[in-house]
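> Dropping in work.pdb, with PDB, C-alpha atoms and all ligand atoms.
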ATOM      1  CA  MET A   1     -53.463  50.828 159.607  1.00  0.00           C
ATOM      2  CA  GLN A   2     -54.943  47.905 157.639  1.00  0.00           C
ATOM      3  CA  LYS A   3     -55.340  44.310 158.786  1.00  0.00           C
ATOM      4  CA  LEU A   4     -53.430  41.967 156.485  1.00  0.00           C
ATOM      5  CA  GLU A   5     -52.946  38.201 156.855  1.00  0.00           C
ATOM      6  CA  GLN A   6     -54.355  36.589 160.042  1.00  0.00           C
ATOM      7  CA  LEU A   7     -51.424  35.201 162.009  1.00  0.00           C
ATOM      8  CA  TYR A   8     -53.267  33.494 164.808  1.00  0.00           C
ATOM      9  CA  GLU A   9     -56.712  32.885 166.224  1.00  0.00           C
ATOM     10  CA  GLY A  10     -56.926  32.138 169.924  1.00  0.00           C
ATOM     11  CA  LYS A  11     -59.894  31.543 172.186  1.00  0.00           C
ATOM     12  CA  ALA A  12     -60.582  35.238 172.777  1.00  0.00           C
ATOM     13  CA  LYS A  13     -58.589  37.153 170.144  1.00  0.00           C
ATOM     14  CA  LYS A  14     -57.338  37.190 166.573  1.00  0.00           C
ATOM     15  CA  VAL A  15     -53.951  38.612 165.610  1.00  0.00           C
ATOM     16  CA  PHE A  16     -53.264  40.142 162.194  1.00  0.00           C
ATOM     17  CA  LYS A  17     -50.149  41.323 160.405  1.00  0.00           C
ATOM     18  CA  THR A  18     -50.018  44.905 159.142  1.00  0.00           C
ATOM     19  CA  GLU A  19     -47.877  46.522 156.440  1.00  0.00           C
ATOM     20  CA  ASP A  20     -45.418  47.387 159.230  1.00  0.00           C
ATOM     21  CA  PRO A  21     -43.447  44.272 160.274  1.00  0.00           C
ATOM     22  CA  ASP A  22     -43.092  45.741 163.778  1.00  0.00           C
ATOM     23  CA  GLN A  23     -46.854  46.150 164.361  1.00  0.00           C
ATOM     24  CA  PHE A  24     -49.791  43.758 164.711  1.00  0.00           C
ATOM     25  CA  ILE A  25     -53.518  44.381 165.068  1.00  0.00           C
ATOM     26  CA  ILE A  26     -55.405  42.441 167.759  1.00  0.00           C
ATOM     27  CA  GLU A  27     -59.132  41.892 167.371  1.00  0.00           C
ATOM     28  CA  TYR A  28     -60.964  40.983 170.577  1.00  0.00           C
ATOM     29  CA  LYS A  29     -63.857  38.489 170.325  1.00  0.00           C
ATOM     30  CA  ASP A  30     -66.957  37.808 172.418  1.00  0.00           C
ATOM     31  CA  ASP A  31     -66.171  34.048 172.489  1.00  0.00           C
ATOM     32  CA  ALA A  32     -65.539  32.587 175.916  1.00  0.00           C
ATOM     33  CA  THR A  33     -64.124  29.229 176.908  1.00  0.00           C
ATOM     34  CA  ALA A  34     -63.340  27.628 180.230  1.00  0.00           C
ATOM     35  CA  GLY A  35     -61.835  24.410 181.507  1.00  0.00           C
ATOM     36  CA  ASN A  36     -59.309  24.096 178.679  1.00  0.00           C
ATOM     37  CA  GLY A  37     -61.998  24.628 176.031  1.00  0.00           C
ATOM     38  CA  GLU A  38     -64.539  22.165 177.495  1.00  0.00           C
ATOM     39  CA  LYS A  39     -67.080  24.910 178.161  1.00  0.00           C
ATOM     40  CA  LYS A  40     -67.831  27.299 175.306  1.00  0.00           C
ATOM     41  CA  GLY A  41     -70.091  30.336 175.077  1.00  0.00           C
ATOM     42  CA  THR A  42     -70.456  33.977 174.169  1.00  0.00           C
ATOM     43  CA  ILE A  43     -70.285  36.931 176.498  1.00  0.00           C
ATOM     44  CA  VAL A  44     -72.019  39.743 174.602  1.00  0.00           C
ATOM     45  CA  GLY A  45     -69.878  42.887 174.574  1.00  0.00           C
ATOM     46  CA  LYS A  46     -66.828  41.156 176.090  1.00  0.00           C
ATOM     47  CA  GLY A  47     -64.543  41.885 173.124  1.00  0.00           C
ATOM     48  CA  VAL A  48     -65.198  45.624 173.345  1.00  0.00           C
ATOM     49  CA  ILE A  49     -64.869  45.687 177.141  1.00  0.00           C
ATOM     50  CA  ASN A  50     -61.631  43.684 177.247  1.00  0.00           C
ATOM     51  CA  ASN A  51     -60.117  45.736 174.403  1.00  0.00           C
ATOM     52  CA  LYS A  52     -60.887  49.038 176.134  1.00  0.00           C
ATOM     53  CA  MET A  53     -59.935  47.883 179.634  1.00  0.00           C
ATOM     54  CA  THR A  54     -56.623  46.418 178.459  1.00  0.00           C
ATOM     55  CA  ALA A  55     -55.834  49.675 176.627  1.00  0.00           C
ATOM     56  CA  THR A  56     -56.461  51.786 179.733  1.00  0.00           C
ATOM     57  CA  ILE A  57     -54.477  49.490 182.030  1.00  0.00           C
ATOM     58  CA  PHE A  58     -51.525  49.030 179.665  1.00  0.00           C
ATOM     59  CA  LYS A  59     -51.298  52.825 179.171  1.00  0.00           C
ATOM     60  CA  MET A  60     -51.315  53.295 182.950  1.00  0.00           C
ATOM     61  CA  LEU A  61     -48.603  50.627 183.371  1.00  0.00           C
ATOM     62  CA  GLU A  62     -46.439  52.264 180.672  1.00  0.00           C
ATOM     63  CA  GLU A  63     -46.690  55.560 182.563  1.00  0.00           C
ATOM     64  CA  LYS A  64     -45.393  53.724 185.622  1.00  0.00           C
ATOM     65  CA  GLY A  65     -42.390  52.330 183.744  1.00  0.00           C
ATOM     66  CA  ILE A  66     -43.612  48.897 182.607  1.00  0.00           C
ATOM     67  CA  PRO A  67     -42.909  48.259 178.895  1.00  0.00           C
ATOM     68  CA  THR A  68     -45.977  46.838 177.101  1.00  0.00           C
ATOM     69  CA  HIS A  69     -46.914  45.901 173.545  1.00  0.00           C
ATOM     70  CA  PHE A  70     -49.778  48.437 173.446  1.00  0.00           C
ATOM     71  CA  ILE A  71     -49.604  51.254 170.844  1.00  0.00           C
ATOM     72  CA  GLU A  72     -53.154  52.574 170.364  1.00  0.00           C
ATOM     73  CA  LEU A  73     -56.836  51.712 170.187  1.00  0.00           C
ATOM     74  CA  LEU A  74     -58.067  51.434 166.592  1.00  0.00           C
ATOM     75  CA  SER A  75     -61.750  50.731 167.165  1.00  0.00           C
ATOM     76  CA  ASP A  76     -64.107  49.383 169.824  1.00  0.00           C
ATOM     77  CA  ASN A  77     -62.686  45.873 169.460  1.00  0.00           C
ATOM     78  CA  GLU A  78     -59.273  46.378 167.831  1.00  0.00           C
ATOM     79  CA  GLN A  79     -55.935  47.673 169.040  1.00  0.00           C
ATOM     80  CA  LEU A  80     -52.555  48.257 167.423  1.00  0.00           C
ATOM     81  CA  VAL A  81     -49.682  46.582 169.259  1.00  0.00           C
ATOM     82  CA  LYS A  82     -45.982  45.978 168.809  1.00  0.00           C
ATOM     83  CA  ALA A  83     -45.240  42.735 166.980  1.00  0.00           C
ATOM     84  CA  VAL A  84     -43.967  40.222 169.530  1.00  0.00           C
ATOM     85  CA  THR A  85     -43.190  36.557 169.859  1.00  0.00           C
ATOM     86  CA  ILE A  86     -45.087  35.362 172.911  1.00  0.00           C
ATOM     87  CA  PHE A  87     -43.238  33.277 175.499  1.00  0.00           C
ATOM     88  CA  PRO A  88     -45.355  30.103 175.943  1.00  0.00           C
ATOM     89  CA  LEU A  89     -45.721  30.885 179.640  1.00  0.00           C
ATOM     90  CA  GLU A  90     -48.732  31.890 181.695  1.00  0.00           C
ATOM     91  CA  VAL A  91     -47.405  34.057 184.488  1.00  0.00           C
ATOM     92  CA  ILE A  92     -49.732  33.975 187.486  1.00  0.00           C
ATOM     93  CA  ILE A  93     -49.760  35.999 190.673  1.00  0.00           C
ATOM     94  CA  ARG A  94     -52.054  35.176 193.562  1.00  0.00           C
ATOM     95  CA  ASN A  95     -52.752  37.644 196.370  1.00  0.00           C
ATOM     96  CA  THR A  96     -55.674  35.644 197.768  1.00  0.00           C
ATOM     97  CA  ALA A  97     -56.203  31.907 197.291  1.00  0.00           C
ATOM     98  CA  ALA A  98     -58.888  31.028 194.715  1.00  0.00           C
ATOM     99  CA  GLY A  99     -59.407  28.758 191.733  1.00  0.00           C
ATOM    100  CA  SER A 100     -56.964  26.016 190.817  1.00  0.00           C
ATOM    101  CA  ILE A 101     -54.612  26.496 193.765  1.00  0.00           C
ATOM    102  CA  CYS A 102     -57.438  25.451 196.125  1.00  0.00           C
ATOM    103  CA  LYS A 103     -57.727  22.157 194.217  1.00  0.00           C
ATOM    104  CA  ARG A 104     -53.989  21.487 194.080  1.00  0.00           C
ATOM    105  CA  LEU A 105     -53.033  22.516 197.605  1.00  0.00           C
ATOM    106  CA  PRO A 106     -54.740  22.884 201.002  1.00  0.00           C
ATOM    107  CA  PHE A 107     -55.720  26.543 200.586  1.00  0.00           C
ATOM    108  CA  GLU A 108     -59.252  27.786 201.256  1.00  0.00           C
ATOM    109  CA  GLU A 109     -60.961  29.991 198.645  1.00  0.00           C
ATOM    110  CA  GLY A 110     -60.715  33.574 199.929  1.00  0.00           C
ATOM    111  CA  GLN A 111     -57.728  32.879 202.199  1.00  0.00           C
ATOM    112  CA  ALA A 112     -55.463  35.943 202.198  1.00  0.00           C
ATOM    113  CA  LEU A 113     -51.844  35.133 201.332  1.00  0.00           C
ATOM    114  CA  GLU A 114     -49.144  36.820 203.405  1.00  0.00           C
ATOM    115  CA  ALA A 115     -46.951  37.284 200.351  1.00  0.00           C
ATOM    116  CA  PRO A 116     -47.982  37.004 196.697  1.00  0.00           C
ATOM    117  CA  ILE A 117     -47.590  33.523 195.221  1.00  0.00           C
ATOM    118  CA  PHE A 118     -45.863  33.514 191.832  1.00  0.00           C
ATOM    119  CA  GLU A 119     -46.430  30.668 189.372  1.00  0.00           C
ATOM    120  CA  PHE A 120     -45.278  29.860 185.863  1.00  0.00           C
ATOM    121  CA  CYS A 121     -47.537  27.597 183.802  1.00  0.00           C
ATOM    122  CA  TYR A 122     -46.552  26.030 180.508  1.00  0.00           C
ATOM    123  CA  LYS A 123     -49.030  27.433 177.977  1.00  0.00           C
ATOM    124  CA  ASN A 124     -49.904  24.218 176.185  1.00  0.00           C
ATOM    125  CA  ASP A 125     -53.471  22.885 175.979  1.00  0.00           C
ATOM    126  CA  ASP A 126     -52.274  19.323 175.224  1.00  0.00           C
ATOM    127  CA  TYR A 127     -50.725  19.220 178.700  1.00  0.00           C
ATOM    128  CA  GLY A 128     -53.467  21.302 180.396  1.00  0.00           C
ATOM    129  CA  ASP A 129     -51.255  24.355 181.114  1.00  0.00           C
ATOM    130  CA  PRO A 130     -49.333  22.677 183.968  1.00  0.00           C
ATOM    131  CA  VAL A 131     -47.518  24.610 186.707  1.00  0.00           C
ATOM    132  CA  ILE A 132     -43.768  24.453 186.069  1.00  0.00           C
ATOM    133  CA  ASN A 133     -40.647  25.927 187.645  1.00  0.00           C
ATOM    134  CA  ASP A 134     -37.655  27.740 186.126  1.00  0.00           C
ATOM    135  CA  ASN A 135     -35.795  24.465 185.508  1.00  0.00           C
ATOM    136  CA  HIS A 136     -38.652  23.029 183.439  1.00  0.00           C
ATOM    137  CA  ALA A 137     -38.924  26.303 181.504  1.00  0.00           C
ATOM    138  CA  THR A 138     -35.226  26.471 180.639  1.00  0.00           C
ATOM    139  CA  ALA A 139     -34.992  22.705 179.892  1.00  0.00           C
ATOM    140  CA  LEU A 140     -37.934  23.062 177.472  1.00  0.00           C
ATOM    141  CA  LYS A 141     -36.252  26.207 176.043  1.00  0.00           C
ATOM    142  CA  LEU A 142     -39.363  28.297 176.713  1.00  0.00           C
ATOM    143  CA  ALA A 143     -37.115  31.144 177.913  1.00  0.00           C
ATOM    144  CA  THR A 144     -33.596  31.662 179.230  1.00  0.00           C
ATOM    145  CA  GLN A 145     -32.937  32.075 182.964  1.00  0.00           C
ATOM    146  CA  GLU A 146     -32.190  35.772 182.365  1.00  0.00           C
ATOM    147  CA  GLU A 147     -35.541  36.181 180.617  1.00  0.00           C
ATOM    148  CA  LEU A 148     -37.360  34.361 183.437  1.00  0.00           C
ATOM    149  CA  ASP A 149     -35.672  36.629 185.989  1.00  0.00           C
ATOM    150  CA  ALA A 150     -36.720  39.741 184.050  1.00  0.00           C
ATOM    151  CA  ILE A 151     -40.294  38.436 183.699  1.00  0.00           C
ATOM    152  CA  ARG A 152     -40.515  37.656 187.434  1.00  0.00           C
ATOM    153  CA  GLU A 153     -39.202  41.094 188.414  1.00  0.00           C
ATOM    154  CA  MET A 154     -41.611  42.905 186.073  1.00  0.00           C
ATOM    155  CA  THR A 155     -44.527  40.764 187.242  1.00  0.00           C
ATOM    156  CA  MET A 156     -43.938  41.555 190.915  1.00  0.00           C
ATOM    157  CA  LYS A 157     -43.879  45.293 190.049  1.00  0.00           C
ATOM    158  CA  ILE A 158     -47.028  44.957 187.941  1.00  0.00           C
ATOM    159  CA  ASN A 159     -48.786  43.261 190.865  1.00  0.00           C
ATOM    160  CA  GLU A 160     -47.964  46.083 193.256  1.00  0.00           C
ATOM    161  CA  ILE A 161     -49.188  48.695 190.742  1.00  0.00           C
ATOM    162  CA  LEU A 162     -52.377  46.779 189.891  1.00  0.00           C
ATOM    163  CA  LYS A 163     -53.279  45.973 193.512  1.00  0.00           C
ATOM    164  CA  ALA A 164     -53.217  49.676 194.446  1.00  0.00           C
ATOM    165  CA  TYR A 165     -54.904  50.729 191.186  1.00  0.00           C
ATOM    166  CA  PHE A 166     -57.861  48.368 191.628  1.00  0.00           C
ATOM    167  CA  LEU A 167     -58.189  48.993 195.364  1.00  0.00           C
ATOM    168  CA  GLU A 168     -58.839  52.668 194.561  1.00  0.00           C
ATOM    169  CA  LYS A 169     -61.721  51.456 192.416  1.00  0.00           C
ATOM    170  CA  GLY A 170     -63.152  49.300 195.190  1.00  0.00           C
ATOM    171  CA  ILE A 171     -61.770  46.058 193.778  1.00  0.00           C
ATOM    172  CA  ASN A 172     -59.726  43.412 195.514  1.00  0.00           C
ATOM    173  CA  LEU A 173     -57.274  41.947 192.969  1.00  0.00           C
ATOM    174  CA  ILE A 174     -57.378  38.260 193.942  1.00  0.00           C
ATOM    175  CA  ASP A 175     -55.120  36.881 191.203  1.00  0.00           C
ATOM    176  CA  PHE A 176     -54.267  37.321 187.532  1.00  0.00           C
ATOM    177  CA  LYS A 177     -52.528  35.762 184.562  1.00  0.00           C
ATOM    178  CA  ILE A 178     -50.299  37.766 182.243  1.00  0.00           C
ATOM    179  CA  GLU A 179     -48.150  36.949 179.245  1.00  0.00           C
ATOM    180  CA  PHE A 180     -44.933  38.423 177.955  1.00  0.00           C
ATOM    181  CA  GLY A 181     -43.498  38.715 174.471  1.00  0.00           C
ATOM    182  CA  LYS A 182     -40.273  39.697 172.776  1.00  0.00           C
ATOM    183  CA  THR A 183     -40.252  42.487 170.191  1.00  0.00           C
ATOM    184  CA  ASN A 184     -38.326  42.268 166.923  1.00  0.00           C
ATOM    185  CA  ASP A 185     -35.519  44.251 168.584  1.00  0.00           C
ATOM    186  CA  GLY A 186     -35.320  41.882 171.550  1.00  0.00           C
ATOM    187  CA  GLN A 187     -37.156  43.833 174.247  1.00  0.00           C
ATOM    188  CA  ILE A 188     -39.297  41.862 176.722  1.00  0.00           C
ATOM    189  CA  VAL A 189     -42.714  43.524 177.049  1.00  0.00           C
ATOM    190  CA  LEU A 190     -46.016  42.827 178.739  1.00  0.00           C
ATOM    191  CA  ALA A 191     -48.361  41.462 176.040  1.00  0.00           C
ATOM    192  CA  ASP A 192     -51.789  39.808 175.744  1.00  0.00           C
ATOM    193  CA  GLU A 193     -54.478  41.407 177.941  1.00  0.00           C
ATOM    194  CA  ILE A 194     -55.521  42.389 181.459  1.00  0.00           C
ATOM    195  CA  SER A 195     -59.277  42.011 181.766  1.00  0.00           C
ATOM    196  CA  PRO A 196     -62.012  40.124 183.646  1.00  0.00           C
ATOM    197  CA  ASP A 197     -61.070  37.122 181.463  1.00  0.00           C
ATOM    198  CA  THR A 198     -57.595  36.993 182.978  1.00  0.00           C
ATOM    199  CA  CYS A 199     -57.997  38.345 186.517  1.00  0.00           C
ATOM    200  CA  ARG A 200     -60.158  37.617 189.541  1.00  0.00           C
ATOM    201  CA  PHE A 201     -61.824  40.826 190.734  1.00  0.00           C
ATOM    202  CA  TRP A 202     -63.858  40.806 193.965  1.00  0.00           C
ATOM    203  CA  ASP A 203     -65.786  43.861 195.136  1.00  0.00           C
ATOM    204  CA  VAL A 204     -64.102  45.134 198.299  1.00  0.00           C
ATOM    205  CA  ASN A 205     -67.373  45.714 200.156  1.00  0.00           C
ATOM    206  CA  THR A 206     -69.629  42.883 199.015  1.00  0.00           C
ATOM    207  CA  GLY A 207     -67.122  40.250 197.873  1.00  0.00           C
ATOM    208  CA  GLU A 208     -69.113  39.960 194.645  1.00  0.00           C
ATOM    209  CA  LYS A 209     -67.180  38.310 191.824  1.00  0.00           C
ATOM    210  CA  LEU A 210     -66.778  40.683 188.838  1.00  0.00           C
ATOM    211  CA  ASP A 211     -64.865  38.409 186.448  1.00  0.00           C
ATOM    212  CA  LYS A 212     -64.942  35.307 184.290  1.00  0.00           C
ATOM    213  CA  ASP A 213     -65.644  33.035 187.275  1.00  0.00           C
ATOM    214  CA  ARG A 214     -69.297  34.089 186.743  1.00  0.00           C
ATOM    215  CA  PHE A 215     -69.095  32.229 183.389  1.00  0.00           C
ATOM    216  CA  ARG A 216     -66.891  29.364 184.615  1.00  0.00           C
ATOM    217  CA  ARG A 217     -69.184  28.684 187.587  1.00  0.00           C
ATOM    218  CA  ASP A 218     -72.554  29.554 185.962  1.00  0.00           C
ATOM    219  CA  LEU A 219     -73.232  32.370 188.414  1.00  0.00           C
ATOM    220  CA  GLY A 220     -75.251  34.526 185.947  1.00  0.00           C
ATOM    221  CA  GLY A 221     -74.924  38.295 185.575  1.00  0.00           C
ATOM    222  CA  ILE A 222     -71.825  37.858 183.432  1.00  0.00           C
ATOM    223  CA  GLU A 223     -72.316  40.774 181.021  1.00  0.00           C
ATOM    224  CA  GLU A 224     -73.262  43.057 183.918  1.00  0.00           C
ATOM    225  CA  ALA A 225     -70.080  42.135 185.807  1.00  0.00           C
ATOM    226  CA  TYR A 226     -67.864  42.897 182.785  1.00  0.00           C
ATOM    227  CA  GLU A 227     -69.675  46.215 182.249  1.00  0.00           C
ATOM    228  CA  GLU A 228     -69.280  47.112 185.921  1.00  0.00           C
ATOM    229  CA  MET A 229     -65.534  46.458 185.705  1.00  0.00           C
ATOM    230  CA  LEU A 230     -65.158  48.670 182.609  1.00  0.00           C
ATOM    231  CA  LYS A 231     -67.094  51.413 184.405  1.00  0.00           C
ATOM    232  CA  ARG A 232     -64.778  51.182 187.436  1.00  0.00           C
ATOM    233  CA  VAL A 233     -61.670  51.328 185.236  1.00  0.00           C
ATOM    234  CA  ASN A 234     -62.719  53.815 182.541  1.00  0.00           C
ATOM    235  CA  GLY A 235     -65.094  55.856 184.716  1.00  0.00           C
TER     236      GLY A 235
HETATM  237  P1  LIG A 301     -56.409  29.487 188.149  1.00  0.00           P
HETATM  238  O1  LIG A 301     -55.055  28.842 188.050  1.00  0.00           O
HETATM  239  O2  LIG A 301     -56.876  29.641 189.559  1.00  0.00           O
HETATM  240  O3  LIG A 301     -57.416  28.825 187.239  1.00  0.00           O
HETATM  241  O4  LIG A 301     -56.228  30.956 187.545  1.00  0.00           O
HETATM  242  C1  LIG A 301     -55.476  31.956 188.208  1.00  0.00           C
HETATM  243  C2  LIG A 301     -55.695  33.285 187.526  1.00  0.00           C
HETATM  244  O5  LIG A 301     -55.130  33.246 186.217  1.00  0.00           O
HETATM  245  C3  LIG A 301     -57.165  33.652 187.296  1.00  0.00           C
HETATM  246  O6  LIG A 301     -57.301  35.047 187.428  1.00  0.00           O
HETATM  247  C4  LIG A 301     -57.469  33.228 185.875  1.00  0.00           C
HETATM  248  O7  LIG A 301     -58.421  34.082 185.291  1.00  0.00           O
HETATM  249  C5  LIG A 301     -56.115  33.375 185.219  1.00  0.00           C
HETATM  250  N1  LIG A 301     -55.863  32.290 184.256  1.00  0.00           N
HETATM  251  C6  LIG A 301     -55.186  31.153 184.456  1.00  0.00           C
HETATM  252  N2  LIG A 301     -55.147  30.398 183.352  1.00  0.00           N
HETATM  253  C7  LIG A 301     -55.814  31.069 182.417  1.00  0.00           C
HETATM  254  C8  LIG A 301     -56.133  30.802 181.046  1.00  0.00           C
HETATM  255  O8  LIG A 301     -55.768  29.782 180.447  1.00  0.00           O
HETATM  256  N3  LIG A 301     -56.857  31.761 180.420  1.00  0.00           N
HETATM  257  C9  LIG A 301     -57.293  32.895 181.033  1.00  0.00           C
HETATM  258  N4  LIG A 301     -58.027  33.771 180.348  1.00  0.00           N
HETATM  259  N5  LIG A 301     -56.985  33.181 182.309  1.00  0.00           N
HETATM  260  C10 LIG A 301     -56.275  32.286 183.001  1.00  0.00           C
END
Show the structure stored in the file as structure tokens.
Ligand code: 5GP

Amino acid sequence: MQKLEQLYEGKAKKVFKTEDPDQFIIEYKDDATAGNGEKKGTIVGKGVINNKMTATIFKMLEEKGIPTHFIELLSDNEQLVKAVTIFPLEVIIRNTAAGSICKRLPFEEGQALEAPIFEFCYKNDDYGDPVINDNHATALKLATQEELDAIREMTMKINEILKAYFLEKGINLIDFKIEFGKTNDGQIVLADEISPDTCRFWDVNTGEKLDKDRFRRDLGGIEEAYEEMLKRVNG
């Protein structure tokens, strides 16, 4: 499958058309940003790691009944996916309080949450990806209520699968952000990626952070953390 016209370049990936209107190629990059693009850098090897980890996790989720956009790996940093239109929503699940929720609300970093907290954010850099509810999303025509319901139900299932999956690998899944898209035939599927860029992973025994917070917070050992996570997932 050949890459044709570039459709989109985001902070961490490029998306290309192919000769098949139902398939895109995603190329993962080493570029890293944080704080709505204020901090920029490179994490050497990140594109390869995130491409491979996403492939493994999406395949596992498919086997457990979650529809995803993933078709196949094409190279170290490219994968073939179903063509989708992405809902402009960041869908976040928190199992333990960390990151932005500790700034917005009186939660302590590391505080276990009795039940997962579900959040929709409007994916729009001009507004700083604000937290919104279903009424904002439908009023802005980001998705219909039926679509939001389907996305919420799939996300709760994905969280249960991922929590158990990572726990087996000695990782506490603190929180994550996922995105959904709609295929040309109208199916809602999990899209984008699941990687240390989009999840918080804490080692169960040491509490060590094995994710992008090492970059966001200048903790060092970034490449090593990403490599450790790929090793835990791909063996
Ligand atoms: P927070 O809202 O605490 O910054 O992020 C919650 C979770 O969602 C974290 O795992 C974080 O990595 C992920 N997340 C939230 N927003 C973004 C984003 O714009 N880009 C990426 N890559 N991940 C995000």
> Would you work out the distance separating atom CA of A:Lys46 from atom CA of A:Asp213, expressed in Å to one decimal?
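Straight-line distance from atom CA of A:Lys46 to atom CA of A:Asp213 works out to 13.9 Å.
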> Neighbouring residues of ligand LIG 301 (chain A) are defined here as those with any atom at most 7 Å from a ligand atom, counting only C-alpha atoms and all ligand atoms; list them as a PDB file with C-alpha atoms, in the coordinates of the input.

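Once everything was written out, this is part-v2.pdb:
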ATOM      1  CA  ASN A  36     -59.309  24.096 178.679  1.00  0.00           C
ATOM      2  CA  GLU A  90     -48.732  31.890 181.695  1.00  0.00           C
ATOM      3  CA  ILE A  92     -49.732  33.975 187.486  1.00  0.00           C
ATOM      4  CA  ALA A  98     -58.888  31.028 194.715  1.00  0.00           C
ATOM      5  CA  GLY A  99     -59.407  28.758 191.733  1.00  0.00           C
ATOM      6  CA  SER A 100     -56.964  26.016 190.817  1.00  0.00           C
ATOM      7  CA  ILE A 101     -54.612  26.496 193.765  1.00  0.00           C
ATOM      8  CA  ASP A 175     -55.120  36.881 191.203  1.00  0.00           C
ATOM      9  CA  PHE A 176     -54.267  37.321 187.532  1.00  0.00           C
ATOM     10  CA  LYS A 177     -52.528  35.762 184.562  1.00  0.00           C
ATOM     11  CA  ASP A 197     -61.070  37.122 181.463  1.00  0.00           C
ATOM     12  CA  THR A 198     -57.595  36.993 182.978  1.00  0.00           C
ATOM     13  CA  CYS A 199     -57.997  38.345 186.517  1.00  0.00           C
ATOM     14  CA  ARG A 200     -60.158  37.617 189.541  1.00  0.00           C
ATOM     15  CA  LYS A 212     -64.942  35.307 184.290  1.00  0.00           C
TER      16      LYS A 212
END
> Run through the PyMOL selection byres (((chain A and resi 18) around 6) and not hetatm) on the given coordinates and return the selected residues as a short mmCIF file (atom, residue, chain, number, x, y, z; two decimals) with C-alpha atoms, keeping the file's coordinate frame.

data_model
loop_
_atom_site.label_atom_id
_atom_site.label_comp_id
_atom_site.auth_asym_id
_atom_site.auth_seq_id
_atom_site.Cartn_x
_atom_site.Cartn_y
_atom_site.Cartn_z
CA GLN A 2 -54.94 47.90 157.64
CA LYS A 3 -55.34 44.31 158.79
CA LEU A 4 -53.43 41.97 156.49
CA LYS A 17 -50.15 41.32 160.40
CA GLU A 19 -47.88 46.52 156.44
CA ASP A 20 -45.42 47.39 159.23
CA PHE A 24 -49.79 43.76 164.71
#
> Using only C-alpha atoms, which of the listed residues (A:Met1, A:Met229, A:Ile86, A:Cys121) sits closest to A:Gly181?
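Of A:Met1, A:Met229, A:Ile86, A:Cys121, the one nearest A:Gly181 is A:Ile86, counting only C-alpha atoms.
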> If I take atom CA of A:Asn95 and atom CA of A:Val81, how far is one from the other in Å, to one decimal?
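Between atom CA of A:Asn95 and atom CA of A:Val81 the gap works out to 28.7 Å.
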> Excluding A:Lys141 and any residue of its chain fewer than 4 positions from it, enumerate the residues within 10 Å of it, using all atoms listed in the file, and give them as a JSON list (two decimals) with C-alpha atoms, in the frame of the given file.

[["chain", "number", "residue", "atom", "x", "y", "z"],
["A", 87, "PHE", "CA", -43.24, 33.28, 175.50],
["A", 88, "PRO", "CA", -45.36, 30.10, 175.94],
["A", 135, "ASN", "CA", -35.80, 24.46, 185.51],
["A", 136, "HIS", "CA", -38.65, 23.03, 183.44],
["A", 137, "ALA", "CA", -38.92, 26.30, 181.50],
["A", 145, "GLN", "CA", -32.94, 32.08, 182.96]]
> Just how far from atom CA of A:Lys52 is atom CA of A:Asn234, in Å to one decimal?
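A separation of 8.2 Å between them.
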> From the set A:Tyr226, A:Tyr165, A:Phe120, A:Tyr127, which residue has the shortest atom-to-atom contact distance to A:Asp149, counting only C-alpha atoms?
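Among the listed residues, the smallest separation from A:Asp149 belongs to A:Phe120.
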